[in-house]
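Trainee: Below is upload25.csv; it holds CSV, C-alpha atoms.
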chain,number,residue,atom,x,y,z
A,1,MET,CA,45.6,117.8,-31.3
A,2,ALA,CA,42.7,118.8,-33.5
A,3,ASP,CA,43.4,119.6,-37.2
A,4,ASP,CA,43.9,123.2,-38.0
A,5,PRO,CA,40.5,124.3,-39.6
A,6,GLY,CA,42.5,126.5,-42.0
A,7,THR,CA,44.4,123.5,-43.4
A,8,PRO,CA,43.0,122.1,-46.6
A,9,GLN,CA,41.9,118.5,-46.4
A,10,VAL,CA,44.0,116.2,-48.5
A,11,PRO,CA,41.8,114.5,-51.2
A,12,GLN,CA,41.5,110.8,-50.7
A,13,SER,CA,40.2,109.9,-54.2
A,14,VAL,CA,40.5,110.8,-57.9
A,15,LEU,CA,36.8,111.5,-57.7
A,16,GLU,CA,37.5,114.5,-55.5
A,17,VAL,CA,39.8,116.3,-57.9
A,18,THR,CA,38.2,115.7,-61.3
A,19,ALA,CA,34.9,116.5,-63.0
A,20,PHE,CA,33.3,113.6,-61.0
A,21,SER,CA,33.1,116.2,-58.2
A,22,PRO,CA,30.9,119.3,-58.7
A,23,GLY,CA,33.4,121.4,-56.6
A,24,ALA,CA,36.4,120.2,-58.6
A,25,ARG,CA,34.4,120.6,-61.8
A,26,ASP,CA,34.1,124.3,-61.0
A,27,ASN,CA,37.7,124.7,-59.9
A,28,PRO,CA,40.0,121.7,-59.8
A,29,HIS,CA,43.1,123.6,-59.0
A,30,PRO,CA,43.0,124.1,-55.2
A,31,PRO,CA,42.5,120.4,-54.4
A,32,LEU,CA,45.1,119.5,-57.0
A,33,GLU,CA,47.6,121.9,-55.3
A,34,THR,CA,46.8,120.2,-52.0
A,35,LEU,CA,47.6,116.8,-53.4
A,36,ARG,CA,50.7,118.1,-55.2
A,37,HIS,CA,52.1,119.4,-51.9
A,38,ASN,CA,51.0,116.6,-49.5
A,39,CYS,CA,50.4,113.4,-51.5
A,40,PRO,CA,51.9,113.7,-55.0
A,41,VAL,CA,51.6,110.0,-55.7
A,42,MET,CA,48.2,108.9,-54.5
A,43,ARG,CA,46.7,105.4,-54.6
A,44,ASP,CA,42.9,105.3,-55.0
A,45,GLU,CA,41.8,101.7,-54.3
A,46,MET,CA,38.1,102.5,-55.0
A,47,VAL,CA,38.8,103.1,-58.7
A,48,LYS,CA,42.0,101.1,-58.7
A,49,THR,CA,44.4,103.8,-60.0
A,50,TRP,CA,47.5,105.8,-59.1
A,51,PHE,CA,47.3,109.5,-59.5
A,52,LEU,CA,50.3,111.7,-60.1
A,53,THR,CA,50.4,115.5,-59.7
A,54,ARG,CA,54.0,116.7,-59.9
A,55,TYR,CA,55.4,118.0,-63.2
A,56,THR,CA,58.6,116.0,-63.2
A,57,ASP,CA,56.9,112.7,-62.3
A,58,ILE,CA,54.3,113.3,-65.0
A,59,ARG,CA,56.7,114.4,-67.7
A,60,GLU,CA,58.8,111.3,-67.1
A,61,THR,CA,55.8,109.0,-67.1
A,62,VAL,CA,54.2,110.2,-70.3
A,63,ASN,CA,57.6,110.1,-72.1
A,64,ASP,CA,58.4,106.5,-70.9
A,65,ARG,CA,57.8,104.1,-73.7
A,66,SER,CA,57.7,101.0,-71.4
A,67,PHE,CA,54.1,101.9,-70.3
A,68,VAL,CA,51.1,100.6,-72.3
A,69,ARG,CA,47.7,102.2,-73.0
A,70,HIS,CA,45.0,99.8,-74.1
A,71,PRO,CA,42.3,99.4,-71.4
A,72,LEU,CA,42.3,95.6,-71.8
A,73,ASN,CA,45.8,95.7,-70.2
A,74,ALA,CA,44.5,97.4,-67.1
A,75,GLU,CA,43.5,95.5,-63.9
A,76,GLU,CA,39.9,94.5,-63.4
A,77,GLY,CA,37.8,97.1,-61.6
A,78,SER,CA,40.1,100.0,-62.6
A,79,ILE,CA,38.7,103.2,-64.1
A,80,SER,CA,40.4,102.4,-67.4
A,81,ARG,CA,38.6,99.1,-67.7
A,82,GLN,CA,35.3,101.1,-67.5
A,83,LEU,CA,36.1,102.7,-70.8
A,84,ILE,CA,35.5,99.4,-72.6
A,85,LYS,CA,32.8,98.1,-70.3
A,86,GLU,CA,29.8,97.0,-72.5
A,87,ASP,CA,31.8,97.8,-75.6
A,88,ASP,CA,30.8,95.5,-78.4
A,89,GLN,CA,34.3,95.4,-79.8
A,90,PRO,CA,36.7,96.0,-76.8
A,91,ARG,CA,39.8,95.1,-78.7
A,92,ARG,CA,39.2,97.5,-81.6
A,93,THR,CA,40.9,100.9,-80.9
A,94,SER,CA,42.6,103.9,-82.5
A,95,ILE,CA,46.1,105.2,-82.0
A,96,LEU,CA,44.8,106.8,-78.8
A,97,PHE,CA,45.0,103.5,-77.0
A,98,LEU,CA,46.9,101.4,-79.5
A,99,ASP,CA,50.1,99.7,-78.3
A,100,ASN,CA,53.3,98.6,-80.1
A,101,PRO,CA,54.0,97.1,-82.6
A,102,ASP,CA,50.7,98.3,-84.1
A,103,HIS,CA,51.0,101.9,-82.8
A,104,ALA,CA,54.4,102.3,-84.4
A,105,ARG,CA,53.0,100.9,-87.7
A,106,VAL,CA,49.7,102.9,-87.8
A,107,ARG,CA,50.6,106.4,-86.4
A,108,PRO,CA,53.6,107.5,-88.6
A,109,PRO,CA,51.9,107.4,-92.0
A,110,LEU,CA,48.7,108.9,-90.5
A,111,ALA,CA,50.6,111.7,-88.8
A,112,LYS,CA,52.6,112.4,-91.9
A,113,ALA,CA,49.6,112.7,-94.2
A,114,PHE,CA,47.6,114.7,-91.6
A,115,TYR,CA,50.3,117.2,-91.0
A,116,ALA,CA,50.9,117.7,-94.8
A,117,ARG,CA,47.2,118.2,-95.3
A,118,ILE,CA,47.0,120.8,-92.5
A,119,GLN,CA,49.8,122.8,-94.0
A,120,LYS,CA,48.4,122.6,-97.5
A,121,MET,CA,44.9,123.7,-96.3
A,122,LYS,CA,46.0,126.5,-93.9
A,123,PRO,CA,44.3,129.2,-96.1
A,124,GLN,CA,41.1,127.2,-96.2
A,125,ILE,CA,41.2,126.5,-92.4
A,126,GLU,CA,41.6,130.2,-91.7
A,127,ALA,CA,38.8,131.1,-94.1
A,128,ILE,CA,36.4,128.7,-92.3
A,129,ILE,CA,37.4,130.4,-89.0
A,130,ASP,CA,36.9,133.9,-90.4
A,131,ASP,CA,33.6,133.0,-92.0
A,132,THR,CA,32.2,131.4,-88.8
A,133,ILE,CA,33.2,134.5,-86.7
A,134,ASP,CA,31.8,136.8,-89.3
A,135,ALA,CA,28.5,134.9,-89.2
A,136,ALA,CA,28.1,135.3,-85.4
A,137,PRO,CA,25.8,138.1,-84.2
A,138,ALA,CA,27.3,141.5,-84.8
A,139,SER,CA,26.3,142.8,-81.3
A,140,GLY,CA,24.4,141.9,-78.2
A,141,VAL,CA,24.7,138.8,-76.0
A,142,PHE,CA,25.4,135.5,-77.6
A,143,ASP,CA,26.7,132.0,-76.6
A,144,LEU,CA,30.3,131.9,-77.8
A,145,MET,CA,30.4,128.1,-77.5
A,146,ALA,CA,27.4,127.6,-79.8
A,147,GLU,CA,28.2,130.3,-82.3
A,148,ILE,CA,32.0,129.9,-82.6
A,149,ALA,CA,33.8,127.4,-80.4
A,150,VAL,CA,31.7,124.3,-81.2
A,151,PRO,CA,31.2,124.7,-85.0
A,152,ILE,CA,34.8,125.7,-86.0
A,153,PRO,CA,36.6,122.5,-85.0
A,154,VAL,CA,34.0,120.2,-86.6
A,155,LEU,CA,33.8,122.3,-89.8
A,156,VAL,CA,37.6,122.3,-90.1
A,157,ILE,CA,38.1,118.6,-89.5
A,158,ALA,CA,35.2,117.8,-91.9
A,159,ARG,CA,36.9,119.9,-94.6
A,160,ILE,CA,40.2,118.2,-94.0
A,161,LEU,CA,38.7,114.7,-94.2
A,162,GLY,CA,36.6,115.5,-97.2
A,163,VAL,CA,33.1,115.2,-95.7
A,164,ASP,CA,30.2,116.3,-98.0
A,165,GLU,CA,28.8,119.6,-97.0
A,166,ASP,CA,25.2,118.2,-97.0
A,167,ARG,CA,26.2,115.6,-94.4
A,168,LEU,CA,27.7,118.1,-91.9
A,169,PRO,CA,24.7,117.9,-89.5
A,170,ASP,CA,24.9,114.1,-89.4
A,171,PHE,CA,28.7,114.3,-89.1
A,172,ARG,CA,28.5,116.7,-86.1
A,173,GLN,CA,25.9,114.5,-84.4
A,174,TRP,CA,28.0,111.4,-84.9
A,175,SER,CA,31.0,113.1,-83.5
A,176,GLU,CA,29.0,114.1,-80.3
A,177,ASP,CA,27.9,110.5,-79.9
A,178,VAL,CA,31.3,109.0,-80.3
A,179,ILE,CA,32.9,111.4,-77.8
A,180,LEU,CA,30.9,109.5,-75.2
A,181,SER,CA,33.5,106.7,-75.6
A,182,LEU,CA,35.9,108.9,-73.5
A,183,ASN,CA,33.5,108.8,-70.5
A,184,PRO,CA,34.3,105.9,-68.1
A,185,VAL,CA,31.0,106.4,-66.2
A,186,ARG,CA,28.6,106.7,-69.2
A,187,THR,CA,25.1,105.3,-68.7
A,188,PRO,CA,23.8,102.3,-70.7
A,189,GLU,CA,21.8,104.8,-72.8
A,190,GLU,CA,24.9,106.8,-73.5
A,191,THR,CA,26.8,103.6,-74.5
A,192,ALA,CA,24.0,102.7,-76.9
A,193,ARG,CA,24.2,106.2,-78.4
A,194,MET,CA,27.9,105.9,-78.7
A,195,GLU,CA,27.8,102.6,-80.5
A,196,LYS,CA,25.1,103.8,-82.8
A,197,GLY,CA,27.1,106.9,-83.7
A,198,SER,CA,30.2,104.8,-84.1
A,199,HIS,CA,28.6,102.4,-86.5
A,200,ALA,CA,27.1,105.3,-88.5
A,201,LEU,CA,30.4,107.0,-88.7
A,202,ASP,CA,32.2,103.7,-89.8
A,203,ALA,CA,29.6,103.2,-92.5
A,204,TYR,CA,30.0,106.8,-93.8
A,205,PHE,CA,33.8,106.5,-93.9
A,206,THR,CA,33.5,103.2,-95.7
A,207,GLU,CA,31.3,105.0,-98.3
A,208,LEU,CA,33.8,107.9,-98.6
A,209,MET,CA,36.8,105.6,-98.9
A,210,ASP,CA,35.2,103.6,-101.7
A,211,ALA,CA,34.2,106.8,-103.5
A,212,ARG,CA,37.7,108.2,-103.2
A,213,ARG,CA,39.3,105.1,-104.7
A,214,THR,CA,37.1,105.6,-107.7
A,215,ALA,CA,37.2,109.4,-107.9
A,216,PRO,CA,40.1,111.0,-105.9
A,217,GLN,CA,39.6,114.3,-104.2
A,218,ASP,CA,41.8,116.9,-102.5
A,219,ASP,CA,41.3,115.6,-99.0
A,220,LEU,CA,42.8,113.4,-96.3
A,221,ILE,CA,40.6,110.4,-97.0
A,222,THR,CA,42.0,110.3,-100.6
A,223,ASP,CA,45.5,110.7,-99.1
A,224,MET,CA,45.1,107.7,-96.9
A,225,VAL,CA,43.5,105.3,-99.4
A,226,GLN,CA,46.3,106.2,-101.9
A,227,LEU,CA,49.0,105.6,-99.3
A,228,GLN,CA,47.4,102.3,-98.5
A,229,ALA,CA,47.2,101.3,-102.2
A,230,SER,CA,50.9,102.2,-102.8
A,231,GLY,CA,52.0,100.2,-99.7
A,232,ASP,CA,53.3,103.3,-97.9
A,233,ALA,CA,50.6,103.0,-95.3
A,234,PRO,CA,50.3,99.3,-94.3
A,235,LEU,CA,46.9,99.8,-92.8
A,236,THR,CA,43.6,97.9,-93.1
A,237,ASP,CA,40.4,99.6,-94.1
A,238,ASP,CA,39.2,99.3,-90.6
A,239,GLU,CA,42.4,100.9,-89.2
A,240,ILE,CA,41.9,103.8,-91.5
A,241,ARG,CA,38.2,104.1,-90.6
A,242,ILE,CA,38.8,104.1,-86.8
A,243,ASN,CA,41.7,106.5,-86.9
A,244,LEU,CA,39.8,109.0,-89.1
A,245,GLY,CA,37.1,108.8,-86.5
A,246,ALA,CA,39.8,109.4,-83.8
A,247,LEU,CA,41.0,112.5,-85.5
A,248,LEU,CA,37.4,113.7,-85.5
A,249,VAL,CA,36.8,113.0,-81.8
A,250,GLY,CA,40.2,114.0,-80.6
A,251,GLY,CA,40.2,117.3,-82.4
A,252,ASN,CA,36.6,118.3,-81.9
A,253,LEU,CA,35.8,118.6,-78.2
A,254,THR,CA,39.3,119.6,-77.1
A,255,THR,CA,39.8,122.4,-79.6
A,256,THR,CA,36.3,123.7,-78.7
A,257,ASP,CA,37.4,123.8,-75.1
A,258,LEU,CA,40.7,125.4,-76.0
A,259,ILE,CA,38.9,128.2,-77.7
A,260,GLY,CA,36.2,128.6,-75.0
A,261,ASN,CA,38.7,128.5,-72.1
A,262,GLY,CA,41.0,131.0,-73.9
A,263,VAL,CA,38.3,133.5,-74.5
A,264,TRP,CA,37.1,133.2,-70.9
A,265,LEU,CA,40.6,133.7,-69.6
A,266,PHE,CA,41.2,136.8,-71.8
A,267,LEU,CA,38.0,138.4,-70.9
A,268,ASN,CA,38.7,137.8,-67.2
A,269,HIS,CA,42.3,139.2,-67.6
A,270,PRO,CA,41.8,142.4,-69.6
A,271,GLU,CA,45.5,143.4,-69.2
A,272,GLN,CA,46.5,140.2,-70.9
A,273,LEU,CA,44.0,140.9,-73.7
A,274,ALA,CA,45.3,144.4,-74.1
A,275,ALA,CA,48.9,143.0,-74.4
A,276,LEU,CA,47.8,140.6,-77.1
A,277,LYS,CA,46.0,143.4,-79.1
A,278,SER,CA,49.0,145.7,-78.9
A,279,ASN,CA,51.4,143.0,-79.9
A,280,PRO,CA,49.9,140.4,-82.2
A,281,ALA,CA,53.2,138.6,-82.3
A,282,LEU,CA,52.3,137.3,-78.8
A,283,ALA,CA,49.5,135.2,-80.3
A,284,GLY,CA,51.5,131.9,-80.4
A,285,GLN,CA,52.8,132.4,-76.9
A,286,ALA,CA,49.3,133.3,-75.8
A,287,VAL,CA,47.9,130.0,-77.0
A,288,GLU,CA,50.6,128.1,-75.1
A,289,GLU,CA,49.7,130.0,-71.9
A,290,VAL,CA,46.0,129.1,-72.3
A,291,LEU,CA,47.0,125.5,-72.8
A,292,ARG,CA,49.2,125.6,-69.6
A,293,PHE,CA,46.7,127.5,-67.4
A,294,GLU,CA,43.4,125.8,-68.4
A,295,ALA,CA,44.2,122.8,-70.6
A,296,PRO,CA,41.2,121.1,-72.3
A,297,VAL,CA,42.5,117.7,-71.3
A,298,SER,CA,43.1,117.6,-67.6
A,299,ALA,CA,44.6,114.1,-67.3
A,300,THR,CA,46.0,111.2,-69.3
A,301,SER,CA,46.8,107.7,-68.3
A,302,ARG,CA,49.4,104.9,-68.7
A,303,ILE,CA,49.3,101.3,-67.6
A,304,VAL,CA,52.2,99.6,-65.9
A,305,GLU,CA,53.3,96.6,-68.0
A,306,ALA,CA,55.5,94.9,-65.4
A,307,ASP,CA,56.2,95.4,-61.7
A,308,ARG,CA,58.4,98.5,-61.3
A,309,THR,CA,58.9,101.8,-59.4
A,310,VAL,CA,57.1,104.8,-60.7
A,311,ALA,CA,57.6,108.3,-59.2
A,312,GLY,CA,59.4,106.7,-56.3
A,313,CYS,CA,56.6,104.2,-55.5
A,314,PRO,CA,56.5,100.4,-56.2
A,315,MET,CA,53.7,99.6,-58.6
A,316,LYS,CA,52.5,96.3,-60.0
A,317,ALA,CA,51.8,95.1,-63.5
A,318,ARG,CA,48.4,96.1,-64.9
A,319,GLN,CA,48.0,99.0,-62.5
A,320,VAL,CA,46.7,102.2,-64.0
A,321,VAL,CA,48.6,105.5,-63.6
A,322,PHE,CA,46.7,108.7,-64.2
A,323,CYS,CA,48.7,111.8,-64.7
A,324,SER,CA,47.1,115.2,-63.8
A,325,LEU,CA,48.2,117.5,-66.7
A,326,ALA,CA,46.2,120.3,-65.0
A,327,SER,CA,48.3,119.9,-61.8
A,328,ALA,CA,51.6,119.5,-63.7
A,329,ASN,CA,51.0,122.7,-65.6
A,330,ARG,CA,50.6,124.7,-62.4
A,331,ASP,CA,53.6,123.1,-60.5
A,332,GLU,CA,55.3,126.0,-58.9
A,333,THR,CA,58.7,124.2,-59.0
A,334,MET,CA,58.6,124.5,-62.8
A,335,PHE,CA,56.6,127.7,-63.5
A,336,GLU,CA,57.3,131.0,-61.8
A,337,SER,CA,54.1,132.6,-60.6
A,338,SER,CA,52.3,129.4,-61.8
A,339,GLU,CA,48.9,130.6,-60.6
A,340,ARG,CA,49.0,133.7,-62.7
A,341,PHE,CA,47.8,133.8,-66.3
A,342,ASP,CA,50.5,135.7,-68.1
A,343,ILE,CA,51.0,135.5,-71.9
A,344,MET,CA,54.1,137.8,-71.7
A,345,GLN,CA,56.2,135.4,-69.6
A,346,LYS,CA,58.4,132.8,-71.4
A,347,ARG,CA,57.8,129.6,-69.6
A,348,ALA,CA,59.0,126.0,-69.5
A,349,SER,CA,57.2,123.6,-71.8
A,350,HIS,CA,53.7,122.6,-70.6
A,351,VAL,CA,52.3,119.0,-70.8
A,352,ALA,CA,48.8,119.9,-72.1
A,353,PHE,CA,49.3,117.6,-75.1
A,354,GLY,CA,50.7,114.7,-73.0
A,355,GLY,CA,54.0,113.4,-74.3
A,356,GLY,CA,56.0,110.5,-75.7
A,357,PRO,CA,54.8,108.3,-78.5
A,358,HIS,CA,51.2,109.2,-77.6
A,359,ILE,CA,51.6,113.0,-77.7
A,360,CYS,CA,48.4,114.5,-79.1
A,361,ILE,CA,48.4,114.1,-82.9
A,362,GLY,CA,46.1,117.1,-83.3
A,363,ALA,CA,48.4,119.6,-81.5
A,364,PRO,CA,49.5,121.5,-84.6
A,365,LEU,CA,45.9,121.9,-85.8
A,366,ALA,CA,44.6,122.9,-82.4
A,367,ARG,CA,47.3,125.6,-82.1
A,368,MET,CA,46.6,126.9,-85.6
A,369,GLU,CA,42.8,127.1,-85.0
A,370,ALA,CA,43.1,128.8,-81.5
A,371,ARG,CA,45.6,131.3,-82.7
A,372,ARG,CA,43.4,132.4,-85.7
A,373,VAL,CA,40.3,132.5,-83.5
A,374,PHE,CA,41.9,134.8,-80.9
A,375,GLU,CA,43.3,137.1,-83.6
A,376,LYS,CA,40.0,137.3,-85.6
A,377,LEU,CA,37.6,137.3,-82.7
A,378,PHE,CA,39.1,140.2,-80.7
A,379,ALA,CA,39.6,142.2,-83.9
A,380,ARG,CA,35.9,141.8,-84.9
A,381,TYR,CA,34.7,142.5,-81.3
A,382,PRO,CA,37.1,145.1,-79.9
A,383,ASP,CA,34.8,145.6,-76.9
A,384,LEU,CA,33.9,142.0,-76.2
A,385,SER,CA,32.9,141.4,-72.6
A,386,LEU,CA,31.4,138.9,-70.2
A,387,PRO,CA,27.9,139.6,-69.0
A,388,PRO,CA,26.9,138.2,-65.5
A,389,GLN,CA,26.3,134.5,-65.7
A,390,ASP,CA,26.6,131.2,-63.8
A,391,LEU,CA,29.2,129.2,-65.5
A,392,VAL,CA,28.6,125.4,-66.0
A,393,TRP,CA,31.7,123.4,-66.6
A,394,ARG,CA,31.6,120.2,-68.6
A,395,ALA,CA,30.9,117.1,-66.5
A,396,LEU,CA,33.0,114.8,-68.7
A,397,PRO,CA,35.8,113.3,-66.5
A,398,PHE,CA,39.4,114.3,-67.3
A,399,PHE,CA,38.3,117.1,-69.6
A,400,ARG,CA,37.9,120.8,-68.9
A,401,GLY,CA,35.6,123.1,-70.8
A,402,LEU,CA,32.5,125.2,-70.6
A,403,GLU,CA,29.0,124.1,-71.6
A,404,ARG,CA,28.1,127.7,-72.5
A,405,LEU,CA,29.9,131.0,-72.4
A,406,ASP,CA,27.7,134.1,-72.9
A,407,VAL,CA,29.6,137.1,-74.3
A,408,LYS,CA,28.5,140.6,-75.3
A,409,GLY,CA,29.7,141.9,-78.6
Take the structure in this file and express it as structure tokens.
Mentor:
Amino acid sequence: MADDPGTPQVPQSVLEVTAFSPGARDNPHPPLETLRHNCPVMRDEMVKTWFLTRYTDIRETVNDRSFVRHPLNAEEGSISRQLIKEDDQPRRTSILFLDNPDHARVRPPLAKAFYARIQKMKPQIEAIIDDTIDAAPASGVFDLMAEIAVPIPVLVIARILGVDEDRLPDFRQWSEDVILSLNPVRTPEETARMEKGSHALDAYFTELMDARRTAPQDDLITDMVQLQASGDAPLTDDEIRINLGALLVGGNLTTTDLIGNGVWLFLNHPEQLAALKSNPALAGQAVEEVLRFEAPVSATSRIVEADRTVAGCPMKARQVVFCSLASANRDETMFESSERFDIMQKRASHVAFGGGPHICIGAPLARMEARRVFEKLFARYPDLSLPPQDLVWRALPFFRGLERLDVKG
């Protein structure tokens, strides 16, 4: 019997459901739904990875501490190994891919200092957001990404770290270069650009750390070198450098996309925007719904350390398991009316920030920034709208965000 032409084809590869594919780049959710219903645990031999799409399987996997993260632990030929291909220092990594015991030593003092700094600087962070929105064009059509969503996260993290104002253009360029490290299919030219940006950023952080030891300032770099000197943070200089860079990279692109995706969703769902405006107390819940419905990070990975069963399937040591956060967050078995963007509905916890020991360290800052942007932006532009345009979604695999978003003030 011939296949029913109305039945969606089940994807056979990770490449079909992520930003590798132009179709999935525009809208990954239909093929992910097809996988979730028909093949929730898929093996892709071409890129040597497993791909999970069900909420319960993914929640269990990201919270399981027996998995490892460093790409060097992955099998040869896997998509994770591509992350360190041609890397001049493949072993060197931040908490993003660090495994225990080093992860358990490095992350806690960094997280404690980072969270304390965020709370202390909340008024300054909100002022940066307000000033950036106030500086955007008062009316007419402008690119929300270029004017608001891109500059805010880099300005905020620069202020938290203690970057000199006159070095902000360099800092932003280095951050854009280092973000290329998260692309497993980068070109040799992009790898060269990534390494050049990484070395420049390392040199700059070395300079700042030396300066803060001599003349402390009210910033995170001072916090870290003082914790190191007191013995409360048993980190080397290189570990401080690479993790300061990770805070920059991790919080830059993803918060930009959280802001952009959120504004795009609200302007496409005017009834939800009206609800937010009439009840500002919904702002926190609104940010969570944006994160669930169109998360900036669409997938995260784990590596099987020893032969075992995962999500009901036998898997071998060194095999890579990718978890589709985008699919989990639309799983109809967990979220009522999962395909509806609804800020007024109390929902189960999403997995947009991953989970377990590697849960996103920047989550509190991203939430703070997005909430303030939505409050301030829609107050300043009460009639903000979307002019006709062809949207271009970012081609970076496993991330979800717009290259440009024209709005009319």
Trainee: Per residue of range 252-297 of chain A within 8 Å of range 359-372 of chain A, what are the shortest atom pair and its distance in Å to one decimal, counting only C-alpha atoms, with rows by chain and residue number, as a Markdown table?
Mentor:
| residue | atom | partner | partner_atom | distance |
| --- | --- | --- | --- | --- |
| A:Thr255 | CA | A:Ala366 | CA | 5.6 |
| A:Leu258 | CA | A:Ala370 | CA | 6.9 |
| A:Ile259 | CA | A:Ala370 | CA | 5.7 |
| A:Ala283 | CA | A:Arg371 | CA | 6.0 |
| A:Gly284 | CA | A:Arg371 | CA | 6.4 |
| A:Val287 | CA | A:Arg371 | CA | 6.3 |
Trainee: Counting only C-alpha atoms, which residues of range 43-132 of chain A sit at most 12 Å from some atom of range 396-407 of chain A, and what is each one's closest atom pair with its distance in Å to one decimal, listed by chain and rising residue number, as a Markdown table?
Mentor:
| residue | atom | partner | partner_atom | distance |
| --- | --- | --- | --- | --- |
| A:Ile79 | CA | A:Pro397 | CA | 10.8 |
| A:Ser80 | CA | A:Pro397 | CA | 11.9 |
| A:Leu83 | CA | A:Pro397 | CA | 11.4 |
Trainee: Which residues come within 8 Å of Ser327 in chain A, counting all atoms listed in the file, excluding same-chain residues fewer than 5 positions away, as JSON, numbers by chain?
Mentor: {"A": [29, 32, 33, 36, 53, 54, 55]}
Trainee: Restricting the calculation to only C-alpha atoms: of A:Ile129, A:Ile242, A:Ile58, A:Met121, which residue gets closest to Ala203 in chain A?
Mentor: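 That would be A:Ile242, the residue with the smallest distance to Ala203 in chain A.
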Trainee: In Å, how far is it from CA of Leu220 in chain A to CA of His103 in chain A?
Mentor: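 These two atoms are separated by 19.5 Å.
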Trainee: Quick check, in Å to one decimal: how far apart do CA of Val163 in chain A and CA of Asp210 in chain A lie?
Mentor: 13.2 Å
Trainee: Find the residue from A:Thr93, A:Thr214, A:Ser198, A:Ser301 that sits nearest to Asp170 in chain A; use all atoms listed in the file when measuring.
Mentor: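 When distances to Asp170 in chain A are compared using all atoms listed in the file, the smallest one comes from A:Ser198.
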Trainee: Do you have, as a Markdown table, the list of residues of range 126-229 of chain A lying at most 12 Å from range 262-282 of chain A, each with its nearest atom pair and that distance in Å to one decimal, counting all atoms listed in the file and ordered by chain then number?
Mentor:
| residue | atom | partner | partner_atom | distance |
| --- | --- | --- | --- | --- |
| A:Asp143 | CA | A:Val263 | CA | 11.9 |
| A:Leu144 | CA | A:Val263 | CA | 8.8 |
| A:Met145 | CA | A:Val263 | CA | 10.0 |
| A:Ile148 | CA | A:Val263 | CA | 10.9 |
| A:Ala149 | CA | A:Val263 | CA | 9.6 |
Trainee: Considering only C-alpha atoms, can you say which of A:Pro314, A:Pro71, A:Gly260, A:Pro30 comes closest to Ile152 in chain A?
Mentor: A:Gly260
Trainee: Mind checking which residues fall within 9 Å of Val14 in chain A, counting all atoms listed in the file, ignoring those fewer than 4 positions away in the same chain, and posting them as an MDAnalysis selection string?
Mentor: chainID A and resid 18 20 42:44 47 49:51
Trainee: Have a look at A:Ala328, A:Leu155, A:Met344, A:Leu110 and name the one nearest to Gln226 in chain A; count only C-alpha atoms.
Mentor: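 Answer, going by the shortest atom-to-atom distance: A:Leu110.
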